[in-house]
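The file upload22.txt contains compact mmCIF, C-alpha atoms:
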# COMPACT_ATOMS: atom_id res chain seq x y z
CA MET A 1 28.35 86.68 -67.78
CA ARG A 2 30.32 83.64 -68.85
CA ALA A 3 33.20 82.52 -66.62
CA GLU A 4 35.58 82.71 -69.57
CA GLU A 5 34.61 86.37 -70.19
CA ARG A 6 35.94 87.17 -66.74
CA ARG A 7 39.17 85.43 -67.70
CA PRO A 8 40.14 86.63 -71.22
CA GLU A 9 43.53 84.97 -71.08
CA SER A 10 42.01 81.55 -70.30
CA GLU A 11 43.56 78.50 -71.87
CA PHE A 12 40.26 76.60 -71.78
CA GLY A 13 36.67 77.63 -72.39
CA PHE A 14 34.90 77.88 -69.04
CA GLU A 15 31.19 78.74 -69.06
CA GLU A 16 29.02 79.62 -66.09
CA GLY A 17 27.13 76.40 -66.70
CA ASP A 18 30.38 74.43 -66.42
CA PHE A 19 31.03 75.89 -62.98
CA GLN A 20 27.47 75.15 -61.85
CA PHE A 21 27.74 71.54 -63.04
CA ILE A 22 31.03 71.06 -61.19
CA ALA A 23 29.62 72.69 -58.04
CA ARG A 24 26.52 70.45 -58.13
CA THR A 25 28.63 67.36 -58.68
CA LEU A 26 31.01 68.18 -55.82
CA HIS A 27 28.07 68.81 -53.50
CA GLY A 28 26.32 65.62 -54.54
CA GLU A 29 29.42 63.45 -54.26
CA ALA A 30 31.14 64.97 -51.19
CA GLY A 31 28.70 67.41 -49.61
CA ILE A 32 31.04 70.34 -50.20
CA HIS A 33 29.47 73.70 -51.02
CA LEU A 34 31.16 75.83 -53.71
CA PRO A 35 29.90 79.43 -53.90
CA ALA A 36 30.15 81.34 -57.19
CA SER A 37 33.13 83.25 -55.78
CA LYS A 38 35.17 80.02 -56.12
CA ALA A 39 34.95 79.93 -59.94
CA ASN A 40 38.57 81.04 -60.37
CA LEU A 41 39.72 78.42 -57.87
CA VAL A 42 37.84 75.70 -59.76
CA TYR A 43 39.39 76.80 -63.04
CA SER A 44 42.95 76.93 -61.67
CA ARG A 45 42.75 73.57 -59.91
CA LEU A 46 41.17 71.64 -62.76
CA THR A 47 43.21 72.90 -65.70
CA LYS A 48 45.86 70.26 -64.94
CA ARG A 49 43.22 67.60 -65.33
CA LEU A 50 42.11 68.98 -68.70
CA ARG A 51 45.70 69.02 -69.93
CA ALA A 52 46.31 65.47 -68.68
CA LEU A 53 43.18 64.25 -70.45
CA GLY A 54 43.86 66.17 -73.66
CA LEU A 55 40.55 68.05 -73.48
CA GLU A 56 39.93 71.43 -75.09
CA SER A 57 37.23 72.90 -72.86
CA PHE A 58 35.45 72.54 -69.54
CA ARG A 59 32.35 71.58 -71.49
CA ASP A 60 34.18 68.45 -72.63
CA TYR A 61 35.43 67.86 -69.08
CA CYS A 62 31.92 68.12 -67.62
CA ALA A 63 30.64 65.70 -70.25
CA LEU A 64 33.28 63.18 -69.17
CA VAL A 65 32.66 63.65 -65.45
CA GLY A 66 28.92 63.21 -65.93
CA SER A 67 29.21 60.11 -68.10
CA PRO A 68 28.99 56.47 -66.96
CA ALA A 69 32.72 56.19 -67.69
CA GLY A 70 33.53 59.23 -65.55
CA ALA A 71 33.65 57.67 -62.07
CA ASP A 72 37.45 57.70 -61.85
CA GLU A 73 37.60 61.29 -63.06
CA ARG A 74 34.96 62.36 -60.54
CA ALA A 75 37.28 61.05 -57.84
CA GLN A 76 40.18 62.96 -59.41
CA MET A 77 38.04 66.10 -59.51
CA ILE A 78 37.09 65.82 -55.85
CA ALA A 79 40.74 65.31 -54.92
CA ALA A 80 41.74 68.40 -56.89
CA LEU A 81 39.04 70.58 -55.32
CA THR A 82 39.35 69.54 -51.68
CA THR A 83 41.63 71.55 -49.44
CA ASN A 84 44.51 69.71 -47.76
CA VAL A 85 46.19 72.46 -45.76
CA THR A 86 47.56 70.93 -42.57
CA ARG A 87 50.59 70.84 -40.32
CA PHE A 88 51.84 69.09 -37.20
CA PHE A 89 50.28 70.31 -33.96
CA ARG A 90 48.02 72.81 -35.69
CA GLU A 91 45.94 74.53 -32.98
CA PRO A 92 48.22 73.15 -30.25
CA HIS A 93 45.73 73.77 -27.42
CA HIS A 94 43.72 70.79 -28.68
CA PHE A 95 46.62 68.40 -28.16
CA GLU A 96 47.32 69.80 -24.69
CA HIS A 97 43.64 69.34 -23.88
CA LEU A 98 43.74 65.75 -25.19
CA LYS A 99 46.67 64.94 -22.92
CA GLU A 100 45.33 66.67 -19.83
CA ARG A 101 41.62 65.84 -20.05
CA LEU A 102 41.60 62.40 -21.69
CA LEU A 103 44.94 60.61 -21.73
CA ALA A 104 46.52 61.44 -18.37
CA PRO A 105 43.35 60.73 -16.33
CA LEU A 106 42.83 57.41 -18.13
CA ALA A 107 46.44 56.21 -18.22
CA GLU A 108 46.04 53.73 -15.36
CA GLU A 109 42.78 52.39 -16.76
CA ILE A 110 44.37 52.01 -20.19
CA ARG A 111 47.21 50.00 -18.66
CA ASN A 112 44.56 47.81 -17.03
CA GLY A 113 42.88 47.07 -20.36
CA ARG A 114 40.57 50.00 -21.07
CA ARG A 115 39.85 50.45 -24.78
CA VAL A 116 40.45 53.95 -26.24
CA ARG A 117 39.60 55.00 -29.79
CA ILE A 118 40.25 58.38 -31.41
CA TRP A 119 39.06 59.45 -34.85
CA SER A 120 40.78 61.99 -37.09
CA ALA A 121 38.10 62.89 -39.66
CA GLY A 122 39.52 64.65 -42.72
CA CYS A 123 43.09 63.67 -41.85
CA SER A 124 44.67 64.93 -45.10
CA SER A 125 48.35 63.96 -45.41
CA GLY A 126 48.59 62.63 -41.86
CA GLN A 127 49.99 65.41 -39.71
CA GLU A 128 46.90 65.56 -37.49
CA PRO A 129 46.62 61.85 -36.59
CA TYR A 130 50.39 61.61 -36.14
CA SER A 131 50.25 64.64 -33.83
CA ILE A 132 47.60 62.76 -31.84
CA ALA A 133 49.88 59.70 -31.76
CA LEU A 134 52.84 61.78 -30.60
CA SER A 135 50.67 63.31 -27.88
CA ILE A 136 49.71 59.81 -26.73
CA LEU A 137 53.34 58.69 -26.69
CA SER A 138 54.36 61.74 -24.68
CA VAL A 139 52.00 60.50 -21.94
CA MET A 140 52.42 56.75 -22.49
CA PRO A 141 55.63 55.86 -24.38
CA ASP A 142 54.56 52.19 -24.41
CA ALA A 143 51.10 52.96 -25.83
CA ARG A 144 51.31 50.33 -28.57
CA SER A 145 51.20 47.63 -25.90
CA PHE A 146 47.65 48.62 -25.00
CA ASP A 147 44.23 48.84 -26.65
CA LEU A 148 44.62 52.41 -27.87
CA ARG A 149 44.28 53.25 -31.56
CA ILE A 150 43.62 56.16 -33.94
CA LEU A 151 41.39 55.91 -37.01
CA ALA A 152 42.35 58.47 -39.67
CA THR A 153 40.04 59.01 -42.65
CA ASP A 154 39.89 61.20 -45.73
CA ILE A 155 37.99 61.24 -49.01
CA ASN A 156 41.20 61.82 -50.99
CA ALA A 157 43.05 58.57 -51.70
CA HIS A 158 46.16 60.44 -52.85
CA VAL A 159 46.74 62.21 -49.54
CA LEU A 160 46.10 58.97 -47.65
CA GLU A 161 48.93 57.33 -49.55
CA THR A 162 51.21 60.22 -48.56
CA ALA A 163 50.06 59.85 -44.96
CA ARG A 164 50.85 56.14 -44.88
CA GLN A 165 54.43 56.86 -45.91
CA ALA A 166 54.84 58.96 -42.72
CA SER A 167 57.76 60.83 -44.30
CA TYR A 168 57.94 64.63 -44.16
CA THR A 169 60.36 67.30 -45.23
CA ALA A 170 62.47 69.03 -42.61
CA GLU A 171 60.30 72.12 -43.08
CA GLU A 172 57.10 70.13 -42.49
CA ALA A 173 58.59 68.41 -39.44
CA ALA A 174 59.79 71.69 -37.92
CA SER A 175 56.47 72.19 -36.12
CA VAL A 176 56.97 68.95 -34.18
CA PRO A 177 58.41 69.86 -30.76
CA VAL A 178 62.15 69.15 -30.69
CA ALA A 179 61.95 66.53 -27.93
CA LEU A 180 59.28 64.57 -29.79
CA ARG A 181 61.12 64.91 -33.08
CA ARG A 182 64.29 63.48 -31.54
CA ALA A 183 62.43 60.67 -29.81
CA TRP A 184 60.06 59.53 -32.54
CA MET A 185 61.40 60.60 -35.97
CA GLU A 186 64.31 59.18 -37.93
CA PRO A 187 66.25 60.34 -41.01
CA ALA A 188 64.81 59.30 -44.37
CA THR A 189 65.83 59.94 -47.97
CA ASN A 190 66.47 63.43 -49.38
CA GLY A 191 66.76 65.01 -45.96
CA ALA A 192 63.24 64.04 -44.92
CA LEU A 193 62.25 62.70 -41.51
CA ARG A 194 60.07 59.64 -41.02
CA LEU A 195 57.94 58.81 -38.02
CA ASP A 196 59.07 55.55 -36.49
CA ALA A 197 57.13 52.32 -36.11
CA ALA A 198 55.79 53.15 -32.64
CA VAL A 199 54.03 56.22 -34.04
CA ARG A 200 52.87 54.63 -37.29
CA GLY A 201 51.52 51.61 -35.46
CA LEU A 202 48.98 53.67 -33.54
CA VAL A 203 47.28 54.98 -36.70
CA THR A 204 45.10 53.22 -39.27
CA PHE A 205 44.28 55.13 -42.46
CA ARG A 206 41.05 54.48 -44.33
CA PRO A 207 39.24 56.24 -47.22
CA LEU A 208 35.90 57.70 -46.14
CA ASN A 209 33.34 60.04 -47.67
CA LEU A 210 31.80 61.81 -44.68
CA ILE A 211 28.40 62.12 -46.37
CA GLY A 212 28.36 58.42 -47.25
CA ALA A 213 28.11 55.25 -45.17
CA TRP A 214 30.31 54.92 -42.09
CA PRO A 215 31.49 51.34 -41.58
CA MET A 216 33.06 51.99 -38.17
CA LYS A 217 30.96 51.34 -35.08
CA GLY A 218 32.80 53.34 -32.42
CA PRO A 219 32.40 54.34 -29.75
CA PHE A 220 35.08 57.03 -29.89
CA ASP A 221 36.62 58.72 -26.88
CA ALA A 222 37.66 61.71 -29.01
CA VAL A 223 36.94 62.99 -32.50
CA PHE A 224 39.07 65.54 -34.33
CA CYS A 225 37.02 67.12 -37.11
CA ARG A 226 38.85 70.38 -37.63
CA ASN A 227 38.49 72.73 -40.58
CA VAL A 228 36.21 70.19 -42.27
CA VAL A 229 32.57 71.06 -41.57
CA ILE A 230 33.19 74.66 -42.65
CA TYR A 231 33.12 73.42 -46.26
CA PHE A 232 29.59 71.97 -45.93
CA ASP A 233 26.26 73.77 -46.01
CA GLU A 234 24.46 74.08 -42.68
CA ARG A 235 22.09 71.15 -43.25
CA THR A 236 25.03 68.84 -43.99
CA GLN A 237 26.91 70.21 -40.97
CA MET A 238 23.97 69.42 -38.68
CA ARG A 239 23.67 65.87 -39.98
CA LEU A 240 27.41 65.24 -39.80
CA LEU A 241 27.82 66.52 -36.23
CA SER A 242 24.79 64.56 -35.04
CA ARG A 243 26.16 61.38 -36.60
CA MET A 244 29.50 61.96 -34.88
CA ALA A 245 27.78 62.49 -31.54
CA ALA A 246 26.00 59.17 -31.93
CA LEU A 247 29.37 57.40 -32.31
CA MET A 248 30.97 59.02 -29.25
CA LYS A 249 31.13 57.88 -25.66
CA PRO A 250 29.44 60.11 -23.11
CA GLY A 251 32.25 62.27 -21.76
CA GLY A 252 34.23 62.04 -25.00
CA PHE A 253 35.69 65.11 -26.67
CA LEU A 254 35.02 66.74 -30.03
CA TYR A 255 37.62 69.11 -31.48
CA LEU A 256 36.54 71.59 -34.16
CA GLY A 257 38.49 74.17 -36.15
CA HIS A 258 38.93 77.73 -34.89
CA SER A 259 36.22 79.10 -37.21
CA GLU A 260 33.72 76.28 -36.66
CA ARG A 261 30.87 75.83 -34.19
CA LEU A 262 28.17 73.36 -33.26
CA VAL A 263 24.91 73.75 -35.14
CA GLY A 264 21.44 72.25 -34.89
CA PRO A 265 20.66 69.21 -32.72
CA ALA A 266 24.35 68.66 -31.89
CA GLU A 267 24.30 71.78 -29.71
CA ALA A 268 22.22 69.90 -27.14
CA LEU A 269 24.57 66.89 -27.14
CA PHE A 270 27.79 68.67 -26.16
CA ARG A 271 28.99 71.22 -23.66
CA LEU A 272 31.88 73.62 -24.18
CA ASP A 273 35.06 72.35 -22.52
CA GLY A 274 37.71 74.68 -23.95
CA THR A 275 38.49 76.68 -27.04
CA THR A 276 36.59 74.96 -29.89
CA THR A 277 36.57 71.85 -27.70
CA TYR A 278 33.33 70.13 -26.69
CA GLN A 279 32.47 67.29 -24.35
CA ARG A 280 29.76 64.77 -25.20
CA THR A 281 27.00 64.84 -22.62
CA GLY A 282 25.33 61.75 -21.24
CA ARG A 283 22.22 62.18 -23.38
CA GLU A 284 21.47 59.64 -26.05
CA GLY A 285 22.40 60.49 -29.63
CA PRO A 286 19.83 61.06 -32.38

Can I see the file as C-alpha cells?
Amino acid sequence: MRAEERRPESEFGFEEGDFQFIARTLHGEAGIHLPASKANLVYSRLTKRLRALGLESFRDYCALVGSPAGADERAQMIAALTTNVTRFFREPHHFEHLKERLLAPLAEEIRNGRRVRIWSAGCSSGQEPYSIALSILSVMPDARSFDLRILATDINAHVLETARQASYTAEEAASVPVALRRAWMEPATNGALRLDAAVRGLVTFRPLNLIGAWPMKGPFDAVFCRNVVIYFDERTQMRLLSRMAALMKPGGFLYLGHSERLVGPAEALFRLDGTTTYQRTGREGP
C-alpha cells in the first residue's frame, strides 16, 4: 500500500518507495535506523522542507536529495529527522555519579595539573554538556583555571548553534537546581537566562557524525552517550561502543540512556558501576 493511501488528506504525494529511499539515505549518512512504523513521522517532519523548496511531491524531494546538488538538502533532511529532546540534568543520577566517582576523588590531582576530558556525544542544544559543566563547577568553582574541558558534538549544525548561544527560556532553565541557577546563570533578552562565561568556557562544541571519522584522540575520562545508540541498528551500536571504549582511559565512565545497554564486544570492556553507568576496565580496546 502506498504511504499516501494511508494518508488521504496528504498535502504531498508520498509513496512507499519515497519512504524507503529516505530511510536508506538516513542510514547511509548517519547510521540511524528508520522502521516502517516511522513513515508518518518522516512525512510530518519533511513537509516543511518541501514547502520551503517549492516541491510538489516526495518523489521530487527524493530526486533532489539523491542528486549531486543535494548535499546541503541531505544535511537539512538529517537535521529534520534526528531527535533533539533534551533538558538540563536529565537522568540526574548520572551527574551525581560524575561528581562522586570522578570529580571529587580527582580534585586534588586536577589542581596539581592532571588533565581531564569529558565527551558529550549527541549533545543536541547543549543542556547535557552544560549540566556536566555545572556539575564540575559545583565541585571546583575555579575549574577553568585547570586542564579540564568538555567536548560536545552533534551531527546537527543547527542545534550546535543554539548550544553555543547558551541562552535558555525560563521554562528550560527551571530544571537547573536553584543554587546553580543563581550562581552561574544571568538574565538575557526576552526573559531568558544565559549561562555565564565560566560555564561556557568549559565546553567546546564541534559537528560530528558518529558513524564517520573521529578527529579527536582522547583519552576521555568520561563519555556521555545517552539516548543516542538506541537509534542505530545493533551492528552500528556495537561498532560505536567499541570505538568509544578505545578512546577512554581505563577506569573512565560511560553513561548511557535509561533504555540502552552495552552490546557486542563492548560488554567485555566495561563493568556496571551504577544505573546505566559503566566503568572502563583495564583491558585494551579493540

Find the spatial neighbours of Gly17 of chain A, counting all atoms listed in the file, within a cut-off of 10 Å - ignore same-chain residues fewer than 3 positions away - and output them as a short mmCIF file (atom, residue, chain, number, x, y, z; two decimals) with C-alpha atoms, in the frame of the given file.
data_model
loop_
_atom_site.label_atom_id
_atom_site.label_comp_id
_atom_site.auth_asym_id
_atom_site.auth_seq_id
_atom_site.Cartn_x
_atom_site.Cartn_y
_atom_site.Cartn_z
CA ARG A 2 30.32 83.64 -68.85
CA ALA A 3 33.20 82.52 -66.62
CA PHE A 14 34.90 77.88 -69.04
CA GLN A 20 27.47 75.15 -61.85
CA PHE A 21 27.74 71.54 -63.04
CA ILE A 22 31.03 71.06 -61.19
CA ALA A 23 29.62 72.69 -58.04
CA PHE A 58 35.45 72.54 -69.54
CA ARG A 59 32.35 71.58 -71.49
CA CYS A 62 31.92 68.12 -67.62
#

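Shortest separation to Asn209 of chain A among A:Thr82, A:Ser259, A:Ser37, A:Ser175 occurs at residue A:Thr82, atoms counted being all atoms listed in the file.
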
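Distances to Pro92 of chain A were evaluated for A:Ile132, A:Ala268, A:Leu210, A:Ala170 using all atoms listed in the file, and the minimum falls at A:Ile132.
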
Problem set entry | Point (52.0, 62.9, -37.0) neighbourhood (10 Å, all atoms listed in the file) written as a VMD selection string | chain A and resid 87 to 89 125 to 135 163 166 to 168 173 176 184 to 185 194 to 195 199 to 200 203

Residues of segment 215-248 of chain A that approach segment 147-151 of chain A to 10 Å or less, counting all atoms listed in the file: could you list each one with the shortest pair of atoms and its distance in Å to one decimal, rows by chain and increasing residue number, as JSON lines?
{"residue": "A:Met216", "atom": "CA", "partner": "A:Leu151", "partner_atom": "CA", "distance": 9.3}
{"residue": "A:Phe220", "atom": "CA", "partner": "A:Ile150", "partner_atom": "CA", "distance": 9.5}
{"residue": "A:Ala222", "atom": "CA", "partner": "A:Ile150", "partner_atom": "CA", "distance": 9.5}
{"residue": "A:Val223", "atom": "CA", "partner": "A:Leu151", "partner_atom": "CA", "distance": 9.5}

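The interatomic distance for the pair atom CA of Gly282 of chain A and atom CA of Phe270 of chain A works out to 8.8 Å.
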
For this session: With a distance cut-off of 10 Å and only C-alpha atoms, select the neighbouring residues of segment 245-249 of chain A, excluding the residue or stretch itself and same-chain residues fewer than 6 positions from it, and output the selection as a list of chain:residue names.
Result: A:Arg117, A:Ile118, A:Trp119, A:Met216, A:Lys217, A:Gly218, A:Pro219, A:Phe220, A:Asp221, A:Ala222, A:Val223, A:Arg239, A:Pro265, A:Ala266, A:Leu269, A:Phe270, A:Gln279, A:Arg280, A:Thr281, A:Gly282, A:Arg283, A:Glu284, A:Gly285, A:Pro286

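Atom CA of Thr275 of chain A sits 21.7 Å away from atom CA of Val139 of chain A.
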